[in-house]
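Worksheet: one structure, shown below.
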Protein chains: 2
Amino acid sequence: MHTIQELQDIVGQKLLEQKFEGNPPLLYEPISYTLSQGGKRIRPLLTLLGCEMFGGNIENAIYPAIGMEIFHNFTLLHDDIMDKAPIRRGKETVYKKWSTNIAILSGDTMFAMAYEYILKTETKSIPDILHVLNRTAIEVCEGQQFDLNFETDENIGIADYIEMIRLKTAVLLGGSLKVGAIIGGADKENANHIYDFGVNVGLAFQLKDDLLDVYSDVEKFGKITGGDIVTNKKTYLYLKAFELAKGEELDNLKHYFGLSENESERKVAGVKSIYNKLNIEVLTMNEMQFYYDKALQCLHKIILETSAKQNLLSFAQQLMERES
Amino acid sequence: MHTIQELQDIVGQKLLEQKFEGNPPLLYEPISYTLSQGGKRIRPLLTLLGCEMFGGNIENAIYPAIGMEIFHNFTLLHDDIMDKAPIRRGKETVYKKWSTNIAILSGDTMFAMAYEYILKTETKSIPDILHVLNRTAIEVCEGQQFDLNFETDENIGIADYIEMIRLKTAVLLGGSLKVGAIIGGADKENANHIYDFGVNVGLAFQLKDDLLDVYSDVEKFGKITGGDIVTNKKTYLYLKAFELAKGEELDNLKHYFGLSENESERKVAGVKSIYNKLNIEVLTMNEMQFYYDKALQCLHKIILETSAKQNLLSFAQQLMERES
């Protein structure tokens, strides 16, 4: 069994070895550019962890793992167009650096490449792992569409938000684990348990993200906090605050969220002061813990020695405790 | 063995039976909208023809056939954004009717759906048919990128153009046939021959398209001719004319192509008069015939009774003789 660090190195090394080159260069350069930028590489790591947990050989899961990372990066290329995001991982996004057309087309190419990588495995279960990717891909699109709808919809509740992040973020963590587990030889039931584990970790992961954006040590976080507040993003914290605030507090909340991005410092400070009064930080941590506990229950259902589950458990803990 | 008409009806009927519904509706409505609009349904028909030709049961190829049609329509959704095309099949394009974001995302969803349909078949060759789709998808993206590059590149030759339409259009016809042939039980060699047949028919098909845009009976064509001339599209006719025109004729060609879209009647008439002097219609027909003959040679290499090939041959002839 490999350590998490070893698996991370294997993923990083394998990605480095891939050549994303071809003609016309304008189609392929954005792909190399995107895939060479790093990032946490969580999804391919989960695929390897899922495989090894069930006694599989990670050699047999490494290309599908890379496929999951390529798929994830394809979604980022298209999301950045829709979200008009100029920067990702400290660099210009593809649509900004090249053009929207190129980001669409390079993204499409990566989507097809992801499928080609997924096929590079010796298993009778290829249709099964493809079903996982297909379903995941469709759900990620649904999640992104919900997210876009939320921008202009004032009637979003917390349940809507949880469903949106389940689709947009969490199912891909579950799917990455499940693909690895199937390759590793997991039976249907165990494959479903590890999927559910991943989805619940994914929900907790996104809530942690929301939290870090407001409550984190700027130096450790590596970017300015409060970005979600400045852009009025309907995160868990936002929605919880609007659910709880009454009377004058509600008026203040609306007032501060009504401030323009030019007054971002006042805006963040104002909103944060109300968040603090409403105990939003703790409430979000509780919600996060709720999904993390659900994840642990799913992990518990998997019929395997505790030692086999240890790596995955440690990695999930790392995700929860991260400060950036 | 079914007639072509019967196969077309089966495709049309099966497409009608599919429900492209889900949440959020904004993601799924454009998909139903696109797939209910008709079109020639050439690709799914080719998949069924490929399957039946090798003695396969079309029941086993019908969902992959629908998958090829969904894939094709996904490419149209994204192409229409890039080409800024407001109308397709007489109706508003998705990006125009909804938005660019929705056209990106609905297209992505269709791409994943196409894979799901491709998997709905009983065959040990699923990895093989997926490789065909993956490769085709990547090449279609390459073709579209070449096409976009051509808009601003003044050094395009006919060989570049043929390579572009091979990628953008022809490989999908070849791929649709090959997927059907593999499902029908074709061996590797025959599957490659039918693919090459399809690619060459595809090249002839696109040249016919270029020709129809300039030389066709407006009533039968169903739309105004000369659209490619008005927009200075670098078609085979355009490139051949620039290859052949010398001296005053070249100056005139440049002059007419330099006219704005406001003077479209004069522009089309002027360019057409030079095309006529240079015999462009016949030269294009010769080129078309060249690829059609190559296609027939590929068909000839397939080791099957002539009667088994008859349907495919008739359909290819129809494509060449069409007037719209």
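Residues in the structure tokens are named by chain (A, B, ... in the order shown) and by number from 1 within that chain; ligands are numbered from 1 in the order shown.
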
Report as JSON lines: every residue of chain A with an atom at most 9 Å from chain B, its closest pair of atoms, and their distance in Å to one decimal, counting only C-alpha atoms, with rows sorted by chain and ascending residue number.
```
{"residue": "A:Gly22", "atom": "CA", "partner": "B:Glu142", "partner_atom": "CA", "distance": 8.9}
{"residue": "A:Asn23", "atom": "CA", "partner": "B:Glu142", "partner_atom": "CA", "distance": 6.9}
{"residue": "A:Pro24", "atom": "CA", "partner": "B:Glu142", "partner_atom": "CA", "distance": 6.5}
{"residue": "A:Leu26", "atom": "CA", "partner": "B:Gln145", "partner_atom": "CA", "distance": 7.6}
{"residue": "A:Leu27", "atom": "CA", "partner": "B:Gln145", "partner_atom": "CA", "distance": 6.6}
{"residue": "A:His78", "atom": "CA", "partner": "B:Ile104", "partner_atom": "CA", "distance": 7.5}
{"residue": "A:Asp79", "atom": "CA", "partner": "B:Asn101", "partner_atom": "CA", "distance": 9.0}
{"residue": "A:Ile81", "atom": "CA", "partner": "B:Asn101", "partner_atom": "CA", "distance": 7.9}
{"residue": "A:Met82", "atom": "CA", "partner": "B:Asn101", "partner_atom": "CA", "distance": 5.6}
{"residue": "A:Thr100", "atom": "CA", "partner": "B:Met82", "partner_atom": "CA", "distance": 8.4}
{"residue": "A:Asn101", "atom": "CA", "partner": "B:Met82", "partner_atom": "CA", "distance": 5.6}
{"residue": "A:Ile102", "atom": "CA", "partner": "B:Gln145", "partner_atom": "CA", "distance": 7.8}
{"residue": "A:Ile104", "atom": "CA", "partner": "B:Ile104", "partner_atom": "CA", "distance": 7.3}
{"residue": "A:Leu105", "atom": "CA", "partner": "B:Cys141", "partner_atom": "CA", "distance": 6.2}
{"residue": "A:Ser106", "atom": "CA", "partner": "B:Cys141", "partner_atom": "CA", "distance": 7.8}
{"residue": "A:Asp108", "atom": "CA", "partner": "B:Cys141", "partner_atom": "CA", "distance": 7.2}
{"residue": "A:Thr109", "atom": "CA", "partner": "B:Ile138", "partner_atom": "CA", "distance": 5.3}
{"residue": "A:Met110", "atom": "CA", "partner": "B:Ile138", "partner_atom": "CA", "distance": 8.3}
{"residue": "A:Phe111", "atom": "CA", "partner": "B:Phe111", "partner_atom": "CA", "distance": 8.5}
{"residue": "A:Ala112", "atom": "CA", "partner": "B:Asn134", "partner_atom": "CA", "distance": 5.3}
{"residue": "A:Met113", "atom": "CA", "partner": "B:Asn134", "partner_atom": "CA", "distance": 6.9}
{"residue": "A:Ala114", "atom": "CA", "partner": "B:Asn134", "partner_atom": "CA", "distance": 9.0}
{"residue": "A:Tyr115", "atom": "CA", "partner": "B:Asn134", "partner_atom": "CA", "distance": 6.8}
{"residue": "A:Glu116", "atom": "CA", "partner": "B:Asn134", "partner_atom": "CA", "distance": 6.2}
{"residue": "A:Leu119", "atom": "CA", "partner": "B:Pro127", "partner_atom": "CA", "distance": 6.8}
{"residue": "A:Ile126", "atom": "CA", "partner": "B:Pro127", "partner_atom": "CA", "distance": 7.5}
{"residue": "A:Pro127", "atom": "CA", "partner": "B:Leu119", "partner_atom": "CA", "distance": 6.8}
{"residue": "A:Leu130", "atom": "CA", "partner": "B:Glu116", "partner_atom": "CA", "distance": 8.0}
{"residue": "A:His131", "atom": "CA", "partner": "B:Glu116", "partner_atom": "CA", "distance": 6.8}
{"residue": "A:Leu133", "atom": "CA", "partner": "B:Ala112", "partner_atom": "CA", "distance": 8.3}
{"residue": "A:Asn134", "atom": "CA", "partner": "B:Ala112", "partner_atom": "CA", "distance": 5.3}
{"residue": "A:Arg135", "atom": "CA", "partner": "B:Ala112", "partner_atom": "CA", "distance": 7.8}
{"residue": "A:Thr136", "atom": "CA", "partner": "B:Ala112", "partner_atom": "CA", "distance": 9.0}
{"residue": "A:Ala137", "atom": "CA", "partner": "B:Ala112", "partner_atom": "CA", "distance": 6.2}
{"residue": "A:Ile138", "atom": "CA", "partner": "B:Thr109", "partner_atom": "CA", "distance": 5.3}
{"residue": "A:Glu139", "atom": "CA", "partner": "B:Thr109", "partner_atom": "CA", "distance": 8.6}
{"residue": "A:Val140", "atom": "CA", "partner": "B:Thr109", "partner_atom": "CA", "distance": 8.9}
{"residue": "A:Cys141", "atom": "CA", "partner": "B:Leu105", "partner_atom": "CA", "distance": 6.2}
{"residue": "A:Glu142", "atom": "CA", "partner": "B:Pro24", "partner_atom": "CA", "distance": 6.4}
{"residue": "A:Gly143", "atom": "CA", "partner": "B:Pro24", "partner_atom": "CA", "distance": 8.6}
{"residue": "A:Gln144", "atom": "CA", "partner": "B:Leu105", "partner_atom": "CA", "distance": 8.1}
{"residue": "A:Gln145", "atom": "CA", "partner": "B:Leu27", "partner_atom": "CA", "distance": 6.5}
{"residue": "A:Phe146", "atom": "CA", "partner": "B:Pro24", "partner_atom": "CA", "distance": 6.5}
{"residue": "A:Leu148", "atom": "CA", "partner": "B:Asn101", "partner_atom": "CA", "distance": 8.9}
{"residue": "A:Asn149", "atom": "CA", "partner": "B:Leu26", "partner_atom": "CA", "distance": 8.8}
```

Nearby residues (only C-alpha atoms) at most 8 Å from stretch 244-253 of chain A, same-chain spacing under 2 positions excluded, as a list in words: Lys240, Ala241, Phe242, His255, Tyr256, Phe257, Gly270, Val271, Ile274 and Leu278 of chain A

Residues near B:Arg41, cut-off 12 Å, only C-alpha atoms, skip fewer than 6 positions along chain, as a ChimeraX atom specification: /B:4-5,7-15,35,47-48,65-73,173,176

Among the residues B:Ile158, B:Ser307, B:Cys51, B:Glu59, the one that comes closest to B:Asp187 [using only C-alpha atoms]: B:Cys51

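The gap separating atom CA of A:Gly56 from atom CA of A:Asn200 is 23.6 Å, in Å to one decimal.
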
Do a neighbour search on stretch 316-319 of chain A at 8 Å with only C-alpha atoms, toss out local chain neighbours closer than 4 positions, and write the hits as an mmCIF file with N, CA and C atoms, in the first residue's frame.
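Written out: result-v1.cif:
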```cif
data_model
loop_
_atom_site.group_PDB
_atom_site.id
_atom_site.type_symbol
_atom_site.label_atom_id
_atom_site.label_comp_id
_atom_site.auth_asym_id
_atom_site.auth_seq_id
_atom_site.Cartn_x
_atom_site.Cartn_y
_atom_site.Cartn_z
ATOM 1 N N VAL A 201 -18.245 13.752 1.565
ATOM 2 C CA VAL A 201 -16.997 14.487 1.764
ATOM 3 C C VAL A 201 -16.986 15.720 0.857
ATOM 4 N N PHE A 205 -16.472 19.420 1.907
ATOM 5 C CA PHE A 205 -15.357 20.103 1.242
ATOM 6 C C PHE A 205 -15.781 21.479 0.720
ATOM 7 N N LEU A 312 -7.779 6.614 3.016
ATOM 8 C CA LEU A 312 -8.885 7.447 2.561
ATOM 9 C C LEU A 312 -9.381 8.339 3.694
#
```

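Straight-line separation from atom CA of B:Ala204 to atom CA of B:Met288: 4.6 Å.
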
Secondary structure check, alpha helix (DSSP H) residues of stretch 94-286 of chain B, as a count of residues only: 148

Gap from atom CA of A:Met53 to atom CA of A:Ala308 - Å, one decimal: 5.3 Å

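Those residues of stretch 36-196 of chain A that DSSP, working from the backbone, places in strand (DSSP E or B) are Ile87, Arg88, Lys91 and Glu92 of chain A.
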
Can you spit out the residues from that selection as a PDB file, in the first residue's frame, using N, CA and C atoms?
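This went into result01.pdb:
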```pdb
ATOM      1  N   ILE A  87      -8.997  34.843 -13.572  1.00  0.00           N
ATOM      2  CA  ILE A  87      -7.806  34.219 -12.981  1.00  0.00           C
ATOM      3  C   ILE A  87      -8.168  32.869 -12.371  1.00  0.00           C
ATOM      4  N   ARG A  88      -7.314  31.895 -12.581  1.00  0.00           N
ATOM      5  CA  ARG A  88      -7.449  30.601 -11.895  1.00  0.00           C
ATOM      6  C   ARG A  88      -6.055  30.111 -11.566  1.00  0.00           C
ATOM      7  N   LYS A  91      -3.179  32.270 -12.514  1.00  0.00           N
ATOM      8  CA  LYS A  91      -2.863  32.584 -13.910  1.00  0.00           C
ATOM      9  C   LYS A  91      -4.123  32.949 -14.671  1.00  0.00           C
ATOM     10  N   GLU A  92      -3.914  33.612 -15.807  1.00  0.00           N
ATOM     11  CA  GLU A  92      -5.059  33.965 -16.640  1.00  0.00           C
ATOM     12  C   GLU A  92      -5.813  32.709 -17.060  1.00  0.00           C
TER      13      GLU A  92
END
```

Nearby residues (only C-alpha atoms) at most 12 Å from A:Ser264, same-chain spacing under 3 positions excluded, as number ranges by chain: A: 224-232, 256-261, 267-272
